[in-house]
file entry03.txt (compact mmCIF, C-alpha atoms and all ligand atoms)
# COMPACT_ATOMS: atom_id res chain seq x y z
CA MET A 1 159.39 184.13 7.25
CA ASN A 2 159.91 187.44 5.47
CA ASP A 3 156.73 189.21 6.46
CA PRO A 4 156.94 192.99 6.09
CA ALA A 5 154.17 193.30 8.70
CA VAL A 6 156.71 192.50 11.40
CA SER A 7 159.87 194.54 11.43
CA ILE A 8 162.90 194.73 13.69
CA CYS A 9 164.17 197.75 15.62
CA ILE A 10 167.73 197.32 16.82
CA ILE A 11 168.97 198.96 20.02
CA GLY A 12 172.77 199.01 20.11
CA ALA A 13 175.07 199.23 17.10
CA GLY A 14 178.08 197.41 18.53
CA GLY A 15 180.27 194.51 17.51
CA ILE A 16 177.75 191.69 17.81
CA VAL A 17 175.10 193.52 15.79
CA ASN A 18 177.62 194.12 13.00
CA ASP A 19 179.10 190.63 13.11
CA ALA A 20 176.05 188.45 13.73
CA HIS A 21 172.58 190.03 14.11
CA LEU A 22 172.52 191.98 10.86
CA PRO A 23 174.32 189.38 8.71
CA ALA A 24 171.91 186.71 10.03
CA TYR A 25 168.82 188.80 9.35
CA ARG A 26 170.07 189.56 5.86
CA ILE A 27 170.45 185.82 5.17
CA ALA A 28 166.97 185.12 6.59
CA GLY A 29 165.35 188.08 4.80
CA PHE A 30 164.06 189.62 8.05
CA ASN A 31 162.91 193.21 7.74
CA VAL A 32 165.13 195.55 9.80
CA LYS A 33 163.47 198.93 10.02
CA SER A 34 165.46 201.01 12.45
CA ILE A 35 168.53 201.22 14.64
CA ALA A 36 169.52 203.37 17.63
CA ASP A 37 172.71 203.77 19.64
CA ARG A 38 173.76 206.37 22.19
CA ASP A 39 176.72 206.79 19.82
CA TYR A 40 174.75 208.04 16.82
CA GLN A 41 177.68 207.65 14.43
CA LYS A 42 177.84 203.92 15.10
CA ALA A 43 174.12 203.57 14.38
CA GLU A 44 174.53 205.61 11.21
CA GLY A 45 177.46 203.49 10.10
CA LEU A 46 175.55 200.20 10.44
CA ALA A 47 172.44 201.73 8.86
CA ALA A 48 174.50 202.64 5.79
CA LYS A 49 176.19 199.24 5.65
CA PHE A 50 172.99 197.20 6.03
CA PHE A 51 170.48 199.57 4.36
CA ILE A 52 168.43 200.31 7.49
CA PRO A 53 166.04 203.18 6.73
CA GLN A 54 165.57 204.77 10.18
CA VAL A 55 168.37 205.87 12.53
CA TYR A 56 167.67 207.28 16.00
CA HIS A 57 169.71 209.09 18.62
CA SER A 58 167.86 207.46 21.50
CA LEU A 59 165.52 204.67 22.43
CA GLU A 60 162.87 207.20 23.42
CA GLU A 61 162.94 208.69 19.94
CA MET A 62 162.86 205.22 18.39
CA VAL A 63 159.90 203.98 20.46
CA GLY A 64 157.94 207.13 19.65
CA GLY A 65 158.25 206.42 15.92
CA GLN A 66 156.95 202.81 15.92
CA ASP A 67 153.61 201.06 15.57
CA GLU A 68 152.84 197.80 17.39
CA ASN A 69 154.20 195.54 14.64
CA VAL A 70 157.81 195.72 15.70
CA ILE A 71 160.22 193.51 17.58
CA TYR A 72 162.89 195.31 19.57
CA ASP A 73 166.28 193.66 19.36
CA CYS A 74 168.38 194.79 22.28
CA ALA A 75 172.15 194.19 22.01
CA LEU A 76 173.59 196.16 24.92
CA PRO A 77 175.68 195.33 27.98
CA ALA A 78 173.54 193.57 30.59
CA SER A 79 173.64 196.60 32.89
CA GLU A 80 171.54 198.57 30.35
CA ILE A 81 168.68 196.11 29.93
CA ALA A 82 166.51 197.14 32.90
CA GLY A 83 166.49 200.75 31.68
CA VAL A 84 165.52 199.63 28.19
CA LEU A 85 162.67 197.43 29.41
CA GLN A 86 161.36 200.36 31.47
CA GLN A 87 161.24 202.51 28.34
CA LEU A 88 159.56 199.97 26.05
CA PRO A 89 155.77 200.16 25.65
CA GLU A 90 153.45 197.70 27.45
CA ASP A 91 152.96 194.47 25.43
CA ALA A 92 156.15 195.05 23.44
CA THR A 93 158.11 192.12 22.02
CA VAL A 94 161.86 192.19 22.69
CA LEU A 95 164.84 189.95 22.11
CA ILE A 96 167.52 190.63 24.75
CA GLN A 97 171.21 189.85 24.30
CA LYS A 98 172.68 187.46 26.81
CA PRO A 99 173.50 187.39 29.66
CA LEU A 100 170.20 188.14 31.39
CA GLY A 101 171.89 190.38 33.95
CA GLU A 102 175.11 189.96 35.89
CA SER A 103 173.55 187.71 38.56
CA ILE A 104 170.41 185.79 39.42
CA GLY A 105 169.14 188.84 41.34
CA GLU A 106 169.38 191.01 38.23
CA ALA A 107 167.83 188.28 36.07
CA LYS A 108 164.81 188.07 38.41
CA ARG A 109 164.45 191.84 38.35
CA LEU A 110 164.42 191.84 34.52
CA LEU A 111 161.81 189.08 34.56
CA GLU A 112 159.66 191.10 36.98
CA ILE A 113 159.81 194.19 34.77
CA ALA A 114 158.96 192.16 31.65
CA HIS A 115 156.06 190.38 33.35
CA SER A 116 154.66 193.53 34.95
CA LYS A 117 154.58 195.28 31.57
CA LYS A 118 153.32 192.15 29.76
CA ILE A 119 156.38 192.33 27.55
CA ARG A 120 157.00 189.24 25.44
CA ALA A 121 160.73 188.80 26.02
CA GLY A 122 163.24 186.30 24.72
CA VAL A 123 166.95 186.00 25.37
CA ASN A 124 169.60 185.56 22.69
CA PHE A 125 170.95 182.18 23.79
CA GLN A 126 171.43 181.23 20.18
CA LEU A 127 173.87 178.29 20.26
CA ARG A 128 170.90 175.92 20.64
CA PHE A 129 169.81 177.11 17.16
CA ALA A 130 173.20 176.68 15.43
CA PRO A 131 172.70 174.60 12.27
CA ALA A 132 175.00 171.80 13.53
CA VAL A 133 173.16 171.65 16.87
CA LEU A 134 169.79 171.46 15.07
CA GLU A 135 171.17 168.60 12.96
CA ALA A 136 172.38 166.79 16.09
CA LYS A 137 168.95 167.21 17.68
CA LYS A 138 167.30 165.80 14.56
CA MET A 139 169.58 162.75 14.66
CA ILE A 140 168.80 162.24 18.36
CA ARG A 141 165.03 162.55 17.71
CA GLU A 142 165.36 159.93 14.98
CA GLY A 143 167.03 157.60 17.49
CA LYS A 144 170.30 157.46 15.54
CA ILE A 145 172.58 157.57 18.60
CA GLY A 146 170.20 155.99 21.10
CA GLU A 147 169.77 157.30 24.62
CA LEU A 148 172.04 160.22 25.61
CA THR A 149 174.83 159.30 28.00
CA ASP A 150 177.39 162.09 27.64
CA ILE A 151 177.68 165.72 26.50
CA GLU A 152 181.08 167.35 26.56
CA VAL A 153 181.88 170.91 25.54
CA TYR A 154 185.63 171.44 25.20
CA VAL A 155 187.20 174.82 24.37
CA ASN A 156 190.97 175.38 24.36
CA VAL A 157 191.60 178.63 22.49
CA HIS A 158 193.16 182.06 22.74
CA THR A 159 190.35 184.62 23.00
CA PRO A 160 191.21 188.30 22.40
CA TRP A 161 189.15 189.66 25.30
CA LYS A 162 190.35 193.20 24.58
CA LEU A 163 187.72 193.27 21.80
CA TRP A 164 185.06 193.56 24.55
CA SER A 165 186.39 196.31 26.79
CA PHE A 166 183.23 196.34 28.98
CA LEU A 167 184.14 192.86 30.26
CA PHE A 168 187.14 194.22 32.15
CA GLU A 169 184.93 195.82 34.81
CA LYS A 170 182.71 192.81 35.40
CA PRO A 171 182.72 191.05 38.77
CA ARG A 172 181.86 187.84 36.91
CA MET A 173 183.22 187.03 33.50
CA GLU A 174 183.92 183.64 31.91
CA ILE A 175 180.85 181.71 32.99
CA ASN A 176 178.40 184.61 32.76
CA TYR A 177 179.66 185.81 29.39
CA HIS A 178 180.93 182.67 27.62
CA SER A 179 180.27 179.29 29.23
CA ILE A 180 176.68 180.47 29.67
CA HIS A 181 176.19 179.50 26.00
CA TYR A 182 177.18 175.90 26.76
CA ILE A 183 175.09 175.76 29.92
CA ASP A 184 172.07 176.87 27.89
CA LEU A 185 172.97 174.42 25.14
CA ILE A 186 173.17 171.47 27.53
CA ARG A 187 169.85 172.50 29.09
CA SER A 188 168.33 172.49 25.61
CA PHE A 189 169.29 168.80 25.28
CA LEU A 190 168.76 167.58 28.84
CA GLY A 191 166.59 170.10 30.70
CA ASN A 192 167.55 171.44 34.11
CA PRO A 193 170.26 169.59 36.02
CA SER A 194 169.70 168.65 39.65
CA GLY A 195 172.83 170.63 40.55
CA VAL A 196 176.04 172.18 39.24
CA TYR A 197 179.67 171.72 40.29
CA ALA A 198 182.14 174.31 39.01
CA LYS A 199 185.41 176.14 39.39
CA THR A 200 186.29 179.23 37.39
CA PHE A 201 189.90 180.43 37.10
CA LYS A 202 191.97 183.55 36.48
CA HIS A 203 195.18 183.84 34.44
CA PRO A 204 198.26 185.91 35.37
CA ASP A 205 198.23 187.59 31.93
CA SER A 206 194.68 188.90 32.46
CA PRO A 207 194.60 190.07 36.06
CA GLN A 208 191.79 192.55 35.34
CA LEU A 209 189.40 189.86 34.07
CA ALA A 210 187.41 188.14 36.82
CA SER A 211 188.00 184.72 35.22
CA VAL A 212 189.05 183.24 31.87
CA LYS A 213 188.80 179.46 32.29
CA SER A 214 186.13 177.22 33.77
CA THR A 215 185.31 173.62 34.46
CA ILE A 216 181.64 172.90 35.00
CA ILE A 217 179.76 169.68 35.63
CA MET A 218 175.98 169.74 35.22
CA ASP A 219 174.51 166.94 37.30
CA TYR A 220 172.02 164.71 35.52
CA GLY A 221 172.45 161.71 37.79
CA ALA A 222 174.61 158.64 37.61
CA GLN A 223 174.08 157.73 33.93
CA ILE A 224 174.68 161.02 32.11
CA ARG A 225 177.90 163.04 32.20
CA ALA A 226 177.56 166.69 31.09
CA THR A 227 180.77 168.74 31.27
CA ILE A 228 182.09 172.07 30.06
CA HIS A 229 185.82 172.80 29.95
CA THR A 230 186.98 176.19 28.72
CA ASN A 231 190.48 177.65 28.57
CA HIS A 232 190.63 180.96 26.72
CA HIS A 233 194.33 181.48 27.47
CA HIS A 234 195.93 178.85 25.22
CA ASP A 235 198.43 181.30 23.74
CA PHE A 236 200.62 178.68 22.09
CA GLY A 237 199.76 178.86 18.39
CA TYR A 238 196.87 177.21 16.59
CA GLN A 239 198.12 173.64 16.49
CA HIS A 240 196.38 172.57 19.68
CA GLN A 241 193.52 175.04 19.74
CA GLU A 242 190.30 173.05 19.88
CA SER A 243 186.64 173.78 20.30
CA TYR A 244 183.96 171.14 20.06
CA ILE A 245 180.70 169.69 21.34
CA LYS A 246 180.68 165.88 21.62
CA ILE A 247 177.48 164.00 22.29
CA GLU A 248 177.44 160.29 23.02
CA GLY A 249 174.48 157.95 23.16
CA THR A 250 173.98 154.24 23.72
CA ARG A 251 174.14 153.57 19.95
CA GLY A 252 176.39 156.26 18.52
CA ALA A 253 178.07 159.63 18.91
CA ILE A 254 178.26 163.07 17.28
CA LYS A 255 181.21 165.45 17.36
CA MET A 256 180.91 168.96 15.98
CA SER A 257 183.66 171.54 16.06
CA LEU A 258 183.01 175.26 16.59
CA GLY A 259 185.55 176.77 14.20
CA VAL A 260 184.56 180.34 14.98
CA LEU A 261 186.47 180.28 18.29
CA ILE A 262 189.79 179.22 16.74
CA ASN A 263 192.10 182.06 15.71
CA TYR A 264 189.25 184.44 16.64
CA PRO A 265 187.83 186.48 14.90
CA LEU A 266 189.07 184.83 11.68
CA GLY A 267 187.92 181.33 12.62
CA ILE A 268 188.30 178.10 10.69
CA PRO A 269 185.62 175.89 9.06
CA ASP A 270 183.37 173.81 11.33
CA THR A 271 183.26 170.04 11.13
CA PHE A 272 180.38 167.63 11.85
CA GLU A 273 181.13 163.94 12.35
CA TYR A 274 179.05 161.06 13.64
CA ILE A 275 179.09 157.33 14.19
CA THR A 276 175.94 155.25 14.47
CA ALA A 277 175.10 151.64 15.31
CA GLY A 278 175.55 149.24 12.40
CA PHE A 279 178.17 151.40 10.66
CA PRO A 280 181.55 151.17 12.39
CA GLU A 281 183.27 154.17 10.74
CA TRP A 282 182.97 157.85 11.67
CA GLN A 283 181.28 159.79 8.85
CA SER A 284 181.32 163.52 8.02
CA THR A 285 178.52 165.77 6.83
CA LYS A 286 178.77 169.29 5.50
CA ILE A 287 176.42 171.48 7.53
CA GLU A 288 175.27 174.67 5.81
CA GLY A 289 175.81 177.62 8.12
CA SER A 290 177.61 178.12 11.39
CA TRP A 291 177.09 179.38 14.98
CA PHE A 292 177.98 182.91 13.88
CA PRO A 293 175.90 184.29 12.28
CA HIS A 294 173.34 181.60 11.34
CA ALA A 295 172.26 180.67 14.86
CA PHE A 296 171.08 184.26 15.34
CA ILE A 297 168.34 183.54 12.80
CA GLY A 298 166.88 180.97 15.20
CA THR A 299 166.45 183.24 18.22
CA MET A 300 164.86 186.03 16.18
CA GLU A 301 162.70 183.57 14.22
CA GLN A 302 161.25 182.35 17.53
CA MET A 303 160.35 185.95 18.44
CA ILE A 304 158.72 186.52 15.03
CA LEU A 305 156.71 183.29 15.23
CA ALA A 306 155.50 184.18 18.73
CA LYS A 307 154.66 187.75 17.70
CA LYS A 308 152.61 186.41 14.79
CA GLY A 309 150.82 183.97 17.10
CA ARG A 310 152.15 180.92 15.28
CA ILE A 311 153.71 179.57 18.48
CA GLU A 312 152.55 180.15 22.04
CA LYS A 313 155.93 181.43 23.21
CA PRO A 314 159.47 181.55 21.91
CA GLU A 315 161.66 178.59 22.88
CA ASN A 316 164.20 181.17 24.12
CA ASN A 317 161.61 182.89 26.32
CA ILE A 318 162.79 184.85 29.34
CA ASP A 319 161.35 182.34 31.84
CA ASP A 320 163.41 179.55 30.28
CA ALA A 321 166.43 181.86 30.22
CA LEU A 322 166.06 182.36 33.96
CA ASP A 323 166.77 178.64 34.40
CA THR A 324 170.05 179.08 32.50
CA MET A 325 170.86 181.99 34.83
CA ARG A 326 170.03 179.77 37.84
CA CYS A 327 172.60 177.26 36.58
CA VAL A 328 175.14 180.07 36.14
CA GLU A 329 174.47 181.25 39.69
CA ALA A 330 174.88 177.70 41.00
CA ALA A 331 178.20 177.45 39.13
CA TYR A 332 179.54 180.63 40.78
CA ILE A 333 178.37 179.53 44.21
CA SER A 334 180.03 176.15 43.70
CA SER A 335 183.25 177.84 42.58
CA GLU A 336 183.26 180.15 45.60
CA GLN A 337 182.52 177.38 48.08
CA GLY A 338 185.34 175.22 46.77
CA GLY A 339 185.76 171.47 46.77
CA ILE A 340 185.56 168.99 49.60
CA SER A 341 188.56 169.20 51.91
CA LEU A 342 190.70 166.12 52.16
CA PRO A 343 189.55 163.82 54.95
CA ALA A 344 191.72 163.92 58.03
CA VAL A 345 194.33 161.21 58.30
N1 LIG B 401 175.08 186.07 21.96
C1 LIG B 401 176.36 186.17 21.73
O1 LIG B 401 176.96 185.24 21.26
C2 LIG B 401 177.07 187.45 22.02
C3 LIG B 401 178.32 187.71 21.47
C4 LIG B 401 178.92 188.94 21.75
C5 LIG B 401 178.30 189.84 22.58
N2 LIG B 401 177.09 189.52 23.13
C6 LIG B 401 176.39 190.45 24.04
O2 LIG B 401 175.93 191.56 23.32
C7 LIG B 401 176.01 192.72 24.11
C8 LIG B 401 176.74 193.80 23.32
O3 LIG B 401 178.01 193.32 22.96
P1 LIG B 401 178.91 194.03 21.85
O4 LIG B 401 180.10 193.16 21.68
O5 LIG B 401 178.11 194.37 20.66
O6 LIG B 401 179.32 195.36 22.65
P2 LIG B 401 179.84 196.75 22.03
O7 LIG B 401 180.50 197.44 23.16
O8 LIG B 401 180.59 196.52 20.77
O9 LIG B 401 178.48 197.50 21.66
C9 LIG B 401 177.54 197.97 22.59
C10 LIG B 401 176.85 199.18 21.97
O10 LIG B 401 175.78 199.57 22.80
C11 LIG B 401 175.74 200.99 22.86
N3 LIG B 401 175.02 201.34 24.07
C12 LIG B 401 175.36 201.04 25.35
N4 LIG B 401 174.38 201.43 26.18
C13 LIG B 401 173.40 201.98 25.42
C14 LIG B 401 172.13 202.51 25.69
N5 LIG B 401 171.66 202.56 26.95
N6 LIG B 401 171.38 202.96 24.66
C15 LIG B 401 171.84 202.90 23.40
N7 LIG B 401 173.04 202.39 23.06
C16 LIG B 401 173.82 201.92 24.06
C17 LIG B 401 177.20 201.42 22.83
O11 LIG B 401 177.34 202.75 22.40
C18 LIG B 401 177.78 200.41 21.84
O12 LIG B 401 177.72 200.87 20.52
C19 LIG B 401 176.69 192.30 25.42
O13 LIG B 401 175.73 192.08 26.42
C20 LIG B 401 177.32 190.96 25.11
O14 LIG B 401 177.32 190.08 26.20
C21 LIG B 401 176.47 188.36 22.86
call {"tool": "encode", "arguments": {"input": "entry03.txt", "output": "structure tokens"}}
result
Amino acid sequence: MNDPAVSICIIGAGGIVNDAHLPAYRIAGFNVKSIADRDYQKAEGLAAKFFIPQVYHSLEEMVGGQDENVIYDCALPASEIAGVLQQLPEDATVLIQKPLGESIGEAKRLLEIAHSKKIRAGVNFQLRFAPAVLEAKKMIREGKIGELTDIEVYVNVHTPWKLWSFLFEKPRMEINYHSIHYIDLIRSFLGNPSGVYAKTFKHPDSPQLASVKSTIIMDYGAQIRATIHTNHHHDFGYQHQESYIKIEGTRGAIKMSLGVLINYPLGIPDTFEYITAGFPEWQSTKIEGSWFPHAFIGTMEQMILAKKGRIEKPENNIDDALDTMRCVEAAYISSEQGGISLPAV
């Protein structure tokens, strides 16, 4: 995949670029050519750390210095994306950090801009490319657990939200910025649900955050249960912090833990366990690589393959991402509308 003919220009030199984009690209051998941030010192700092040759003060300056063989990698708050798309050249290729806007209205607007400028855009919903998730998909393709009957994402952790100060102003938080990963993940296994039930919750210790816990059901009919439970306010030590994806089929099951979320940002090792028909014990496999940073290879690799014409479009293309945003929107509407009132006695 390391083809010097395609290089990456990074817009935004913040936490996620330092922690995941650049470490992933270094592992994959992707060619990162330039970086820009409105805070030039941050861009300079990451350029020095990851040996990036070109550093720019602005996107305008960056775009002016490129040929057509680049992929823009935009890792900015969602509110900045429309402005960036407006400034990119026609026919550009760009990978956009999630979420795709703060609402379905913003997501549609971003799609319109991308389509009108014939921009090939993908969104960085990378959990579907985490090594453990790819292994689970391989096992499912091989029929090892039979027909899918249940997907459960369970997260009970203490997340230090203060690391992302921009989240404190958002009208929508937990689902749009965190559970969105699990919604996209479940879609990558099961496609679009027929509907979404949800409730998202606040916590007294974080009054400024719009929400910090959610329960979401994605409706795939009577035979398949798909649920997401997140509680980011489990501030009671590590003993009962948990974070896993469990997938059950008619012939077996897979349970993978997401260690990165425990004791964040230190994390603990992931686990991958499975049980299949004909072998009654749970077994463990060591999976090379983790959600952070390895899954970030997958989203960029899709962009590179599409740019080189080796695939028609990236799996994480912006039109597919819109469907994840539609599910997010449905979840917020469901949460606002509330449950069914108790029948009268
Ligand atoms: N996919 C994931 O798992 C994941 C994880 C964390 C964050 N994110 C997303 O990545 C984005 C950035 O998050 P972060 O934690 O790196 O934030 P951050 O605040 O650490 O960094 C954002 C950077 O963007 C720069 N910036 C803002 N607007 C700009 C503009 N118009 N032009 C140039 N530079 C600009 C800021 O100066 C800052 O350096 C957010 O949208 C967030 O949701 C995704």
call {"tool": "closest_atom_pairs", "arguments": {"input": "entry03.txt", "of": "chain A", "to": "ligand LIG 401 (chain B)", "cutoff": "6 Å", "atoms": "all atoms listed in the file", "output": "CSV"}}
result
residue,atom,partner,partner_atom,distance
A:Ile11,CA,B:LIG401,C15,5.9
A:Gly12,CA,B:LIG401,O10,4.1
A:Ala13,CA,B:LIG401,O12,4.6
A:Gly14,CA,B:LIG401,O9,3.2
A:Gly15,CA,B:LIG401,O5,3.8
A:Ile16,CA,B:LIG401,O5,3.9
A:Val17,CA,B:LIG401,O5,5.8
A:Asp37,CA,B:LIG401,N7,3.7
A:Arg38,CA,B:LIG401,N7,4.1
A:Asp39,CA,B:LIG401,O11,4.8
A:Ala75,CA,B:LIG401,C7,4.6
A:Leu76,CA,B:LIG401,C8,4.2
A:Pro77,CA,B:LIG401,O13,3.6
A:Ala78,CA,B:LIG401,O13,4.9
A:Glu80,CA,B:LIG401,N5,5.2
A:Gln97,CA,B:LIG401,O2,5.1
A:Lys98,CA,B:LIG401,O14,5.4
A:Pro99,CA,B:LIG401,O14,5.8
A:Asn124,CA,B:LIG401,N1,5.6
A:Phe125,CA,B:LIG401,N1,6.0
A:Trp164,CA,B:LIG401,O4,5.7
A:Tyr177,CA,B:LIG401,O14,5.8
call {"tool": "residues_around", "arguments": {"input": "entry03.txt", "residues": "His115 of chain A", "least_positions_apart": "6", "cutoff": "12 Å", "atoms": "all atoms listed in the file", "output": "list in words"}}
result
Leu85, Gln86, Glu90, Asp91, Ala92, Thr93, Lys108, Arg109, Ala121, Gly122, Asn317, Ile318 and Asp319 of chain A
call {"tool": "write_last_selection", "arguments": {"input": "entry03.txt", "atoms": "C-alpha atoms", "output": "mmCIF file, keeping the file's coordinate frame"}}
result
data_model
loop_
_atom_site.group_PDB
_atom_site.id
_atom_site.type_symbol
_atom_site.label_atom_id
_atom_site.label_comp_id
_atom_site.auth_asym_id
_atom_site.auth_seq_id
_atom_site.Cartn_x
_atom_site.Cartn_y
_atom_site.Cartn_z
ATOM 1 C CA LEU A 85 162.670 197.430 29.410
ATOM 2 C CA GLN A 86 161.360 200.360 31.470
ATOM 3 C CA GLU A 90 153.450 197.700 27.450
ATOM 4 C CA ASP A 91 152.960 194.470 25.430
ATOM 5 C CA ALA A 92 156.150 195.050 23.440
ATOM 6 C CA THR A 93 158.110 192.120 22.020
ATOM 7 C CA LYS A 108 164.810 188.070 38.410
ATOM 8 C CA ARG A 109 164.450 191.840 38.350
ATOM 9 C CA ALA A 121 160.730 188.800 26.020
ATOM 10 C CA GLY A 122 163.240 186.300 24.720
ATOM 11 C CA ASN A 317 161.610 182.890 26.320
ATOM 12 C CA ILE A 318 162.790 184.850 29.340
ATOM 13 C CA ASP A 319 161.350 182.340 31.840
#
call {"tool": "atom_distance", "arguments": {"input": "entry03.txt", "atom1": "atom CA of Pro293 of chain A", "atom2": "atom CA of Ala24 of chain A"}}
result
5.2 Å
call {"tool": "atom_distance", "arguments": {"input": "entry03.txt", "atom1": "atom CA of Lys118 of chain A", "atom2": "atom CA of Ala36 of chain A"}}
result
23.1 Å
call {"tool": "residues_around", "arguments": {"input": "entry03.txt", "residues": "Ala321 of chain A", "least_positions_apart": "4", "cutoff": "12 Å", "atoms": "all atoms listed in the file", "output": "PyMOL selection string"}}
result
chain A and resi 95-101+104+107-108+110-111+121-126+180-181+183-185+187-188+191-192+314-317+325-328
call {"tool": "closest_residue", "arguments": {"input": "entry03.txt", "among": "A:Asn231, A:Thr200, A:Asn31, A:Ser194", "to": "Val157 of chain A", "atoms": "all atoms listed in the file"}}
result
A:Asn231
call {"tool": "residues_around", "arguments": {"input": "entry03.txt", "residues": "segment 206-209 of chain A", "least_positions_apart": "2", "cutoff": "10 Å", "atoms": "all atoms listed in the file", "output": "list in words"}}
result
Trp161, Lys162, Leu167, Phe168, Glu169, Lys170, Pro171, Arg172, Met173, Glu174, Phe201, Lys202, His203, Pro204, Ser211, Val212 and His233 of chain A
call {"tool": "closest_residue", "arguments": {"input": "entry03.txt", "among": "A:Val155, A:Ile186, A:Ala5, A:Ile245", "to": "His232 of chain A", "atoms": "all atoms listed in the file"}}
result
A:Val155
call {"tool": "residues_around", "arguments": {"input": "entry03.txt", "residues": "segment 40-54 of chain A", "least_positions_apart": "6", "cutoff": "12 Å", "atoms": "all atoms listed in the file", "output": "ChimeraX atom specification"}}
result
/A:7-19,21-27,29-34,61-63,65-66
call {"tool": "closest_residue", "arguments": {"input": "entry03.txt", "among": "A:Glu248, A:Glu242, A:Asp73, A:Glu102", "to": "Ile151 of chain A", "atoms": "only C-alpha atoms"}}
result
A:Glu248
